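Below is one structure, written out as structure tokens; the observations come after it.
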Amino acid sequence: MHGKESAPAAPREELDGAPDPLDEGAGSILRQPKAVWATAGASVVAFMGIGLVDPILPSIAQGLHATPSQVSLLFTSYFLITAVAMLITGFVSSRIGGRKTLLAGLALVIVFAALSGTSGSVGELVGFRAGWGLGNALFVSTSLAVIVGAAAGGSAAAILLYESALGLGMACGPLLGALLGDASWRYPFFGTAALMAIGFLCIAGFLKEQPRPARKTSILDPIRALGHGGLASAAASAFFYNYAFFTVLAFTPFVLDMTPYKSGAVFFAWGVLLAVFSVLVAPRLQERFGSLKVLGGSLVLLAADVVVLGYGNHTTAIVCTILSGAFIGVNNTVFTELALGVSDAPRPVASAGYNFVRWFAAAAAPFLAPKIEEWTDIHMPFVVAGAAALIGAAVVWARRRSLTHEAEELQPRHKTEDGVAVFAN
């Protein structure tokens with residue numbers, strides 16, 4: 001079933017007069033059940049954990065007497081485990097339910113975030129981050145499905161709410177890391193554990209168990225889902241995009257070489273742009289120009305931005321780092337819609353297969369960027385990142401027929417029996 005292309009999309013209804021997910025009058029992103037807000041709030045903290053270490057990377061390197069390439073393994077171990085764990089998230093959640101999966105993921109994050117703060121060597125810290133990655137995979141992959149299932153206003157509002165949580169978490173993570181990390185690089189890890197414990201209590205108190213799928217998911221289902229040309233194309237493009245994304249996130253702090261406060265401020269501004277462009281700007285650009293044109297153009301602009309970042313002076317590097325958040329925000333929103341709507345696979349399965357592919361690039365970039373610098377010079381990691389973003393754009397253009405569903409702008413067209421809106425296929 002997943003090895004064949006879906007039938008061409010049915011003619012889409014005109015957007016004029018369609019409900020705006022941001023409009024409070026029609027099941028908006030702002031009017032949601034407590035369970036959705038609890039899950040979204042915990043998602044903010046989960047995404048904070050990704051950028052948390054950004055402003056304190058130099059401090060960690062100094063405190064643990066480690067090189068930049070060794071410290072970059074904090075990202076590599078985290079995302080490598082996250083990528084592999086994507087194959088088991090659906091397997092687990094389809095058997096024990098979404099609520100228990102979320103709580104299990106949060107419990108793992110709490111434990112390993114706290115342990116990270118006690119690390120006595122970079123090896124220990126890398127290992128604890130790997131355990132953190134497992135918990136984050138269980139939580140993040142399931143939280144999107146839970147928000148989509150429980151949100152008012154259908155899938156469009158749910159995706160925007162999820163992207164809002166992502167953007168807010170990405171913005172606040174570096175800020176928290178800077179504020180706590182100025183005293184000690186260990187404090188941000190303890191702070192994350194405490195916030196996740198609050199998220200655990202909120203979900204335990206407000207989220208009821210979600211209906212389980214009629215068919216249990218196997219470990220290989222996400223791999224089989226990638227047999228669909230559209231989903232495979234989206235995942236391949238996102239792989240190269242993520243390499244550029246995480247070169248900026250994990251390698252730029254060493255290039256900027258700023259105090260935790262200043263670095264945290266730069267990445268806070270970066271995260272604010274990411275949030276604004278993912279939630280407010282991307283949907284409007286998609287409505288006007290079409291998803292594939294927006295995605296391809298944003299990837300090309302990101303490529304140009306990171307190359308200028310690599311060759312510019314210190315002020316230019318700061319400006320380009322912040323500006324990259326705008327392109328990353330647009331890309332995140334469009335790629336999420338692609339992964340959820342382009343194939344005929346169930347959303348959790350399609351999301352797991354897509355994330356399985358793209359997170360490998362997130363694991364590779366933080367490790368390879370410092371190595372490329374060691375082999376060549378400070379500019380080449382950004383040249384490689386720019387080339388990766390261009391390859392991502394080329395995949396979108398070459399495989400545009402497989403991604404035709406998104407070219408028509410994904411919009412909810414009807415309700416399933418459980419009340420969850422589905423996209424046109």
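By order of appearance in the structure tokens: chains A, B, ..., then residues from 1 within every chain, and ligands from 1 in the order shown.
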With only C-alpha atoms as the counted atoms, please give the residues lying no more than 12 Å from Val279 (chain A), apart from itself and same-chain residues fewer than 6 positions off, as an mmCIF file with N, CA and C atoms, in the first residue's frame.
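Result went into result39.cif, see below:
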```cif
data_model
loop_
_atom_site.group_PDB
_atom_site.id
_atom_site.type_symbol
_atom_site.label_atom_id
_atom_site.label_comp_id
_atom_site.auth_asym_id
_atom_site.auth_seq_id
_atom_site.Cartn_x
_atom_site.Cartn_y
_atom_site.Cartn_z
ATOM 1 N N PRO A 21 -7.101 29.136 10.995
ATOM 2 C CA PRO A 21 -6.801 28.515 12.274
ATOM 3 C C PRO A 21 -6.461 29.517 13.354
ATOM 4 N N LEU A 22 -6.053 30.724 12.964
ATOM 5 C CA LEU A 22 -5.714 31.735 13.957
ATOM 6 C C LEU A 22 -6.916 32.578 14.349
ATOM 7 N N ILE A 29 -6.635 28.197 17.185
ATOM 8 C CA ILE A 29 -5.459 27.718 17.898
ATOM 9 C C ILE A 29 -5.497 28.156 19.362
ATOM 10 N N ALA A 156 -5.110 21.731 10.832
ATOM 11 C CA ALA A 156 -4.379 22.960 10.544
ATOM 12 C C ALA A 156 -4.064 23.705 11.835
ATOM 13 N N ALA A 157 -5.063 23.837 12.719
ATOM 14 C CA ALA A 157 -4.843 24.502 13.999
ATOM 15 C C ALA A 157 -3.872 23.714 14.859
ATOM 16 N N ALA A 158 -3.972 22.373 14.814
ATOM 17 C CA ALA A 158 -3.096 21.531 15.623
ATOM 18 C C ALA A 158 -1.639 21.678 15.196
ATOM 19 N N ILE A 159 -1.401 21.694 13.889
ATOM 20 C CA ILE A 159 -0.027 21.824 13.398
ATOM 21 C C ILE A 159 0.549 23.179 13.780
ATOM 22 N N LEU A 160 -0.263 24.239 13.665
ATOM 23 C CA LEU A 160 0.211 25.567 14.052
ATOM 24 C C LEU A 160 0.504 25.630 15.546
ATOM 25 N N LEU A 161 -0.320 24.968 16.342
ATOM 26 C CA LEU A 161 -0.075 24.944 17.780
ATOM 27 C C LEU A 161 1.228 24.206 18.087
ATOM 28 N N TYR A 162 1.443 23.093 17.405
ATOM 29 C CA TYR A 162 2.675 22.320 17.588
ATOM 30 C C TYR A 162 3.891 23.140 17.157
ATOM 31 N N GLU A 163 3.792 23.818 16.016
ATOM 32 C CA GLU A 163 4.903 24.652 15.550
ATOM 33 C C GLU A 163 5.129 25.836 16.491
ATOM 34 N N SER A 164 4.046 26.337 17.107
ATOM 35 C CA SER A 164 4.202 27.401 18.098
ATOM 36 C C SER A 164 5.015 26.908 19.288
ATOM 37 N N ALA A 165 4.706 25.693 19.735
ATOM 38 C CA ALA A 165 5.457 25.102 20.848
ATOM 39 C C ALA A 165 6.916 24.908 20.462
ATOM 40 N N LEU A 166 7.144 24.452 19.233
ATOM 41 C CA LEU A 166 8.515 24.254 18.762
ATOM 42 C C LEU A 166 9.270 25.578 18.748
ATOM 43 N N GLY A 167 8.654 26.602 18.169
ATOM 44 C CA GLY A 167 9.317 27.890 18.066
ATOM 45 C C GLY A 167 9.591 28.520 19.427
ATOM 46 N N LEU A 168 8.595 28.449 20.320
ATOM 47 C CA LEU A 168 8.771 29.018 21.650
ATOM 48 C C LEU A 168 9.862 28.270 22.414
ATOM 49 N N VAL A 272 12.889 33.555 18.239
ATOM 50 C CA VAL A 272 11.698 34.384 18.061
ATOM 51 C C VAL A 272 11.331 34.467 16.577
ATOM 52 N N LEU A 273 12.337 34.697 15.725
ATOM 53 C CA LEU A 273 12.067 34.717 14.282
ATOM 54 C C LEU A 273 11.552 33.369 13.807
ATOM 55 N N LEU A 285 2.393 32.706 3.251
ATOM 56 C CA LEU A 285 3.199 32.502 2.046
ATOM 57 C C LEU A 285 2.708 31.297 1.262
ATOM 58 N N GLN A 286 2.352 30.237 1.972
ATOM 59 C CA GLN A 286 1.840 29.037 1.304
ATOM 60 C C GLN A 286 0.540 29.337 0.566
ATOM 61 N N ALA A 326 14.319 32.792 10.477
ATOM 62 C CA ALA A 326 13.138 33.030 9.638
ATOM 63 C C ALA A 326 12.984 31.913 8.612
ATOM 64 N N ILE A 328 14.367 28.912 8.689
ATOM 65 C CA ILE A 328 14.157 27.643 9.387
ATOM 66 C C ILE A 328 12.710 27.505 9.838
ATOM 67 N N GLY A 329 12.107 28.613 10.304
ATOM 68 C CA GLY A 329 10.712 28.570 10.715
ATOM 69 C C GLY A 329 9.778 28.213 9.578
ATOM 70 N N VAL A 330 9.986 28.817 8.424
ATOM 71 C CA VAL A 330 9.173 28.502 7.247
ATOM 72 C C VAL A 330 9.358 27.040 6.855
ATOM 73 N N ASN A 331 10.600 26.597 6.792
ATOM 74 C CA ASN A 331 10.872 25.216 6.389
ATOM 75 C C ASN A 331 10.239 24.217 7.347
ATOM 76 N N ASN A 332 10.328 24.483 8.650
ATOM 77 C CA ASN A 332 9.768 23.547 9.622
ATOM 78 C C ASN A 332 8.278 23.339 9.411
ATOM 79 N N THR A 333 7.553 24.426 9.199
ATOM 80 C CA THR A 333 6.102 24.316 9.022
ATOM 81 C C THR A 333 5.752 23.529 7.757
ATOM 82 N N VAL A 334 6.393 23.861 6.645
ATOM 83 C CA VAL A 334 6.058 23.192 5.388
ATOM 84 C C VAL A 334 6.460 21.721 5.434
#
```
DSSP alpha helix (DSSP H) residues within region 54-266 of chain A, listed as a ChimeraX atom specification: /A:57-63,68-71,73-96,98-116,122-150,154-181,187-206,221-225,229-256,260-266
Mind pulling up the distance from CA of Ser116 (chain A) to CA of Leu179 (chain A)?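 The value is 17.6 Å.
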Please build the interface table for region 279-309 of chain A against region 374-389 of chain A with a cut-off of 9 Å, listing for each qualifying residue the nearest atom pair and the distance in Å to one decimal; count only C-alpha atoms, order rows by chain and increasing number, and write it as a tab-separated table.
```
residue	atom	partner	partner_atom	distance
A:Leu299	CA	A:Ala389	CA	5.6
A:Val300	CA	A:Ala389	CA	6.7
A:Leu301	CA	A:Ala389	CA	8.8
A:Leu302	CA	A:Ala389	CA	6.8
A:Ala303	CA	A:Gly386	CA	3.9
A:Ala304	CA	A:Gly386	CA	6.5
A:Asp305	CA	A:Gly386	CA	7.9
A:Val306	CA	A:Phe382	CA	5.7
A:Val307	CA	A:Phe382	CA	5.4
A:Val308	CA	A:Phe382	CA	8.4
A:Leu309	CA	A:Phe382	CA	7.4
```
Name all residues at most 7 Å from Trp132 (chain A) (count only C-alpha atoms; drop same-chain ones fewer than 3 positions away) and give them as a ChimeraX atom specification. /A:78,108-109,112-113,128-129,135-136
